[in-house]
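As C-alpha cells, the structure follows; a few thoughts come after it.
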Amino acid sequence: MASLSIRDVYKTYPNGVPVLKGVNIDIEDGQFLILVGGSGCGKSTLLNMIAGLETVTKGEICMDGKVVNNLSPKDRDIAMVFQSYALYPSMTVRENISFGLNIRKVPKAEQAQIVDRVSSMLQIQHLLDRKPGQLSGGQRQRVAMGRALARDPIMFLFDEPLSNLDAKLRIEMRSEIKLLHQRVGKTIVYVTHDQIEAMTLGDRIAVMKDGIVQQFGAPQEIYDSPSNLFVAGFIGAPPMNFINGKLVEQGSGVGIELDTGVARNVLKLPLFEANKLRSHIGQEVVLGLRPERITDARSAHDGHGHELQRHTVKVDVIEPTGPDTLVFAQVNGKRVVSRVHPGANPQPLNSMELLFDVSKAVLFDPKTEARIA
C-alpha cells in the first residue's frame with residue numbers, strides 16, 4: 001500500500017494555458033480517493049501526473065513520503081485502468097491478464113496461479129479463453145481490472161472506468177469496485193464526472209473546478225457542509241435547492257423571507273446560528289436546502305428532534321420515482337424540488353403544504369458564492 005501527497009501542484013501547458021492551480025491533497029495508505037468534477041476541470045490531468053504520464057510544472061507528488069516527480073511510470077509501481085479498457089484484441093482474456101507478468105518474466109507456474117486468483121476474485125474464470133471482441137462492456141472492464149490486479153501494485157489508478165457502460169451495469173460495477181477495494185486494501189485514485197460514483201465509492205473526495213480543488217473531505221462532510229455554491233450544486237441528486245432571500249430579525253433569532261406564491265412567509269433559521277448570522281441581517285443571501293429537507297407530513301412523521309417550518313406552495317410539476325415523488329414548486333421566484341411520500345398524492349397546479357427542515361440549511365454569499373453558515 002501507499003500514502004499519496006500532492007503538494008502545491010501546478011500544471012501549465014507549453015502554450016501557457018494553466019490546467020492545475022495549486023492542488024493540495026493528502027490520503028493515507030489504503031484510502032479510496034475520488035477526483036470529481038466537470039469536463040476540463042483538470043482531474044484526468046492530475047491522475048496522469050500521478051501515473052507519470054504528464055510532467056509536473058511546479059510542486060511535488062509523493063508516494064509513501066518519496067517524491068516521484070522524475071520517476072518513469074514503470075518505476076512508480078502503479079496500475080492504471082482506462083476508460084477504453086485498453087485490451088489487446090488478438091489476445092485471450094488469460095493472455096491479457098498475464099501480459100504484464102510475461103514482460104516482467106514471472107515464471108509460468110506463478111503466472112497461472114495469479115491468473116486463477118484474479119479471475120476467481122472477479123468471477124471471470126469462464127471467460128479466460130475468450131477474446132475481448134467476444135465480451136460485453138462489463139466483462140471487458142473486469143478483465144482490465146484483472147490485468148491491473150495481476151501486477152499487485154502499491155496503488156491503483158482508475159480513469160472514468162464506468163463511463164462507457166449502461167446505467168444498470170454502472171451500478172453493478174460500482175459495487176464490484178467497492179468490494180475489490182475492501183478485499184485488496186490498496187490505495188485507489190479514481191477519476192469520475194459522476195457525483196453518485198463519488199459519493200458511493202470514495203473515502204475522500206476532491207471536488208475540482210477550473211484546476212482548483214474546491215473542497216476536499218469525506219463524502220458526507222461534503223454533502224452536508226459544502227464550502228461554496230459550486231460544490232453544493234454539483235454534489236447531490238437532485239442537487240441542492242438555492243433560494244435567494246434577505247435575512248431579517250425574527251424574535252430572538254434570525255429569519256429569511258420566502259415568497260411561496262401562495263402567501264408571504266418568514267422561514268425561521270436555527271437559533272444556534274443566530275449569533276453567527278446577526279452581522280448579515282439586512283443582506284441578500286442564498287439559502288441552500290437539500291430536497292429531502294423539504295417534504296410532506298407523512299415523510300416527516302418519524303420526527304427530527306426540532307421544529308419543522310410549514311409552508312404552502314403551488315405545485316408546478318411532479319416526478320414519481322417509486323419510493324418517493326419529486327415535487328417542483330416556486331419559492332422566491334426559484335423552482336425548488338422536494339421529496340414527498342407517494343401517498344401524499346401531489347397534483348400539478350394545486351396547493352400543497354410542505355415542511356421545511358432548516359436544521360441542515362446552509363447559507364451562501366451571492367457575490368463570493370462562499371458559505372457563510
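Order determines the names: the first chain of the C-alpha cells is A, the second B, and so forth; residues in each chain are numbered 1 upward, and ligands are numbered 1 upward as they are shown.
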Assign secondary structure with DSSP using the backbone only, and return the residues of stretch 67-302 of chain A in strand (DSSP E) as an MDAnalysis selection string.
chainID A and resid 67 78:81 155:159 187:192 204:209 212:217 241:250 253:259 264:268 284:289 294:295
Output file for the selection above: C-alpha atoms, as a PDB file, in the first residue's frame:
ATOM      1  CA  VAL A  67       8.966  12.449  -4.314  1.00  0.00           C
ATOM      2  CA  ILE A  78       1.143   1.694 -10.002  1.00  0.00           C
ATOM      3  CA  ALA A  79      -1.505   0.051 -12.205  1.00  0.00           C
ATOM      4  CA  MET A  80      -3.979   2.018 -14.295  1.00  0.00           C
ATOM      5  CA  VAL A  81      -7.451   1.063 -15.528  1.00  0.00           C
ATOM      6  CA  MET A 155      -1.642   1.914  -5.949  1.00  0.00           C
ATOM      7  CA  PHE A 156      -4.476   1.625  -8.485  1.00  0.00           C
ATOM      8  CA  LEU A 157      -5.498   4.498 -10.767  1.00  0.00           C
ATOM      9  CA  PHE A 158      -8.933   4.443 -12.434  1.00  0.00           C
ATOM     10  CA  ASP A 159      -9.732   6.901 -15.250  1.00  0.00           C
ATOM     11  CA  THR A 187      -4.787   2.820  -2.260  1.00  0.00           C
ATOM     12  CA  ILE A 188      -7.058   3.834  -5.148  1.00  0.00           C
ATOM     13  CA  VAL A 189      -7.281   7.136  -7.026  1.00  0.00           C
ATOM     14  CA  TYR A 190     -10.432   7.261  -9.132  1.00  0.00           C
ATOM     15  CA  VAL A 191     -11.469   9.933 -11.652  1.00  0.00           C
ATOM     16  CA  THR A 192     -15.137  10.482 -12.472  1.00  0.00           C
ATOM     17  CA  ARG A 204     -12.171  11.064   0.427  1.00  0.00           C
ATOM     18  CA  ILE A 205     -13.466  13.286  -2.362  1.00  0.00           C
ATOM     19  CA  ALA A 206     -11.700  16.186  -4.078  1.00  0.00           C
ATOM     20  CA  VAL A 207     -14.275  18.314  -5.913  1.00  0.00           C
ATOM     21  CA  MET A 208     -12.498  20.182  -8.725  1.00  0.00           C
ATOM     22  CA  LYS A 209     -13.346  23.157 -10.913  1.00  0.00           C
ATOM     23  CA  ILE A 212      -8.654  24.153  -8.314  1.00  0.00           C
ATOM     24  CA  VAL A 213      -9.816  21.798  -5.561  1.00  0.00           C
ATOM     25  CA  GLN A 214     -12.969  23.498  -4.326  1.00  0.00           C
ATOM     26  CA  GLN A 215     -13.369  21.142  -1.358  1.00  0.00           C
ATOM     27  CA  PHE A 216     -11.621  18.038  -0.046  1.00  0.00           C
ATOM     28  CA  GLY A 217     -13.120  15.778   2.575  1.00  0.00           C
ATOM     29  CA  ASN A 241     -32.070  23.930  -3.803  1.00  0.00           C
ATOM     30  CA  PHE A 242     -30.824  27.529  -3.876  1.00  0.00           C
ATOM     31  CA  ILE A 243     -33.313  30.168  -2.724  1.00  0.00           C
ATOM     32  CA  ASN A 244     -32.461  33.874  -2.743  1.00  0.00           C
ATOM     33  CA  GLY A 245     -33.720  35.949   0.152  1.00  0.00           C
ATOM     34  CA  LYS A 246     -32.929  38.610   2.731  1.00  0.00           C
ATOM     35  CA  LEU A 247     -32.008  37.913   6.346  1.00  0.00           C
ATOM     36  CA  VAL A 248     -34.314  39.580   8.882  1.00  0.00           C
ATOM     37  CA  GLU A 249     -34.633  39.643  12.651  1.00  0.00           C
ATOM     38  CA  GLN A 250     -37.177  37.066  13.796  1.00  0.00           C
ATOM     39  CA  GLY A 253     -33.408  34.594  16.200  1.00  0.00           C
ATOM     40  CA  VAL A 254     -32.790  35.280  12.540  1.00  0.00           C
ATOM     41  CA  GLY A 255     -35.164  34.535   9.668  1.00  0.00           C
ATOM     42  CA  ILE A 256     -35.330  34.704   5.899  1.00  0.00           C
ATOM     43  CA  GLU A 257     -38.323  35.942   3.948  1.00  0.00           C
ATOM     44  CA  LEU A 258     -39.705  33.412   1.499  1.00  0.00           C
ATOM     45  CA  ASP A 259     -42.461  34.014  -1.044  1.00  0.00           C
ATOM     46  CA  ARG A 264     -45.771  35.696   2.161  1.00  0.00           C
ATOM     47  CA  ASN A 265     -43.970  33.741   4.867  1.00  0.00           C
ATOM     48  CA  VAL A 266     -40.961  34.163   7.103  1.00  0.00           C
ATOM     49  CA  LEU A 267     -38.889  30.998   7.484  1.00  0.00           C
ATOM     50  CA  LYS A 268     -37.083  30.961  10.813  1.00  0.00           C
ATOM     51  CA  GLU A 284     -29.200  39.247   0.499  1.00  0.00           C
ATOM     52  CA  VAL A 285     -28.155  35.610   0.910  1.00  0.00           C
ATOM     53  CA  VAL A 286     -28.672  32.286  -0.832  1.00  0.00           C
ATOM     54  CA  LEU A 287     -30.410  29.646   1.256  1.00  0.00           C
ATOM     55  CA  GLY A 288     -29.379  26.066   0.430  1.00  0.00           C
ATOM     56  CA  LEU A 289     -31.698  23.165   1.288  1.00  0.00           C
ATOM     57  CA  ILE A 294     -38.433  19.816   2.120  1.00  0.00           C
ATOM     58  CA  THR A 295     -41.086  17.151   2.500  1.00  0.00           C
TER      59      THR A 295
END
Would you list, as a VMD selection string, the residues of stretch 16-217 of chain A that end up in alpha helix (DSSP H) under DSSP run on this structure's backbone?
chain A and resid 43 to 51 93 to 103 108 to 121 137 to 151 167 to 184 195 to 201
Could you please determine the separation between atom CA of A:Asn96 and atom CA of A:Pro161 in Å, to one decimal place?
17.2 Å
At a cut-off of 8 Å, using only C-alpha atoms, what residues contact A:Thr325? Leave out same-chain residues fewer than 4 positions from it and give the result as a ChimeraX atom specification.
/A:318-321,339-342
Can you tell me which residues surround A:Arg94 at a distance of at most 12 Å, considering only C-alpha atoms, apart from same-chain residues fewer than 2 positions away, and format the answer as a PyMOL selection string?
chain A and resi 87-88+90-92+96-102+111-119+124-132+143-144+146-147+150
Using C-alpha atoms, can you export the residues from the last selection as a compact mmCIF listing (two decimals), in the first residue's frame?
# COMPACT_ATOMS: atom_id res chain seq x y z
CA LEU A 87 -7.16 -4.64 -24.00
CA TYR A 88 -5.21 -6.43 -26.74
CA SER A 90 -5.78 -10.56 -30.56
CA MET A 91 -5.09 -11.98 -27.08
CA THR A 92 -7.36 -14.11 -24.91
CA ASN A 96 -4.34 -10.05 -21.43
CA ILE A 97 -4.26 -10.58 -17.66
CA SER A 98 -0.82 -12.19 -17.74
CA PHE A 99 0.71 -9.80 -20.29
CA GLY A 100 2.47 -7.64 -17.69
CA LEU A 101 3.64 -10.75 -15.86
CA ASN A 102 5.26 -12.01 -19.07
CA GLN A 111 1.53 -16.64 -13.67
CA ALA A 112 -1.07 -19.41 -13.75
CA GLN A 113 -1.64 -19.08 -10.01
CA ILE A 114 -2.03 -15.31 -10.27
CA VAL A 115 -4.46 -15.53 -13.19
CA ASP A 116 -6.53 -18.13 -11.32
CA ARG A 117 -6.64 -15.99 -8.18
CA VAL A 118 -7.53 -12.78 -10.00
CA SER A 119 -10.11 -14.35 -12.30
CA ILE A 124 -14.37 -14.26 -14.90
CA GLN A 125 -12.90 -17.79 -14.80
CA HIS A 126 -15.29 -18.90 -17.57
CA LEU A 127 -14.04 -16.11 -19.86
CA LEU A 128 -10.30 -16.88 -19.76
CA ASP A 129 -10.17 -18.42 -23.24
CA ARG A 130 -12.30 -15.78 -24.95
CA LYS A 131 -11.04 -12.69 -26.76
CA PRO A 132 -12.17 -9.11 -25.96
CA VAL A 143 -10.63 -8.06 -17.49
CA ALA A 144 -8.99 -4.62 -17.43
CA GLY A 146 -7.86 -8.19 -13.58
CA ARG A 147 -4.82 -7.14 -15.56
CA ALA A 150 -2.24 -9.22 -11.51
Might you pull out every residue within 7 Å of A:Asp8, with only C-alpha atoms counted and same-chain residues fewer than 2 positions away left off, and present them as a ChimeraX atom specification?
/A:6,10,22-24,59-60
How would the residues just chosen look if you wrote them out with C-alpha atoms as an mmCIF file, in the first residue's frame?
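Result went into selection_7.cif, see below:
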data_model
loop_
_atom_site.group_PDB
_atom_site.id
_atom_site.type_symbol
_atom_site.label_atom_id
_atom_site.label_comp_id
_atom_site.auth_asym_id
_atom_site.auth_seq_id
_atom_site.Cartn_x
_atom_site.Cartn_y
_atom_site.Cartn_z
ATOM 1 C CA ILE A 6 0.062 16.149 -3.670
ATOM 2 C CA TYR A 10 0.650 23.279 -10.840
ATOM 3 C CA GLY A 22 -2.020 24.777 -6.675
ATOM 4 C CA VAL A 23 -3.578 21.406 -5.841
ATOM 5 C CA ASN A 24 -3.047 20.036 -2.321
ATOM 6 C CA GLY A 59 5.059 21.273 -6.825
ATOM 7 C CA GLU A 60 5.589 17.691 -5.642
#
For atom CA of A:Ile281 and atom CA of A:Gly233, the interatomic separation in Å (one decimal):
24.6 Å
Two-atom distance - atom CA of A:Gly16, atom CA of A:Met49 (Å)
17.7 Å
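Ranking A:Ser84, A:Asn345, A:Gln283, A:Ser163 by their shortest atom-to-atom distance to A:Arg140, with only C-alpha atoms included, puts A:Ser84 first.
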Long-range neighbours of stretch 196-198 of chain A as a PyMOL selection string, 12 Å cut-off, only C-alpha atoms, 5 positions minimum in chain
chain A and resi 32-37+160-163+167+170-175+177-178+189-191+203-207+216-220+222-223+234-239
Counting only C-alpha atoms, the option among A:Leu354, A:Val106, A:Cys41, A:Met240 closest to A:Val315
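Counting only C-alpha atoms, the residue closest to A:Val315 is A:Leu354.
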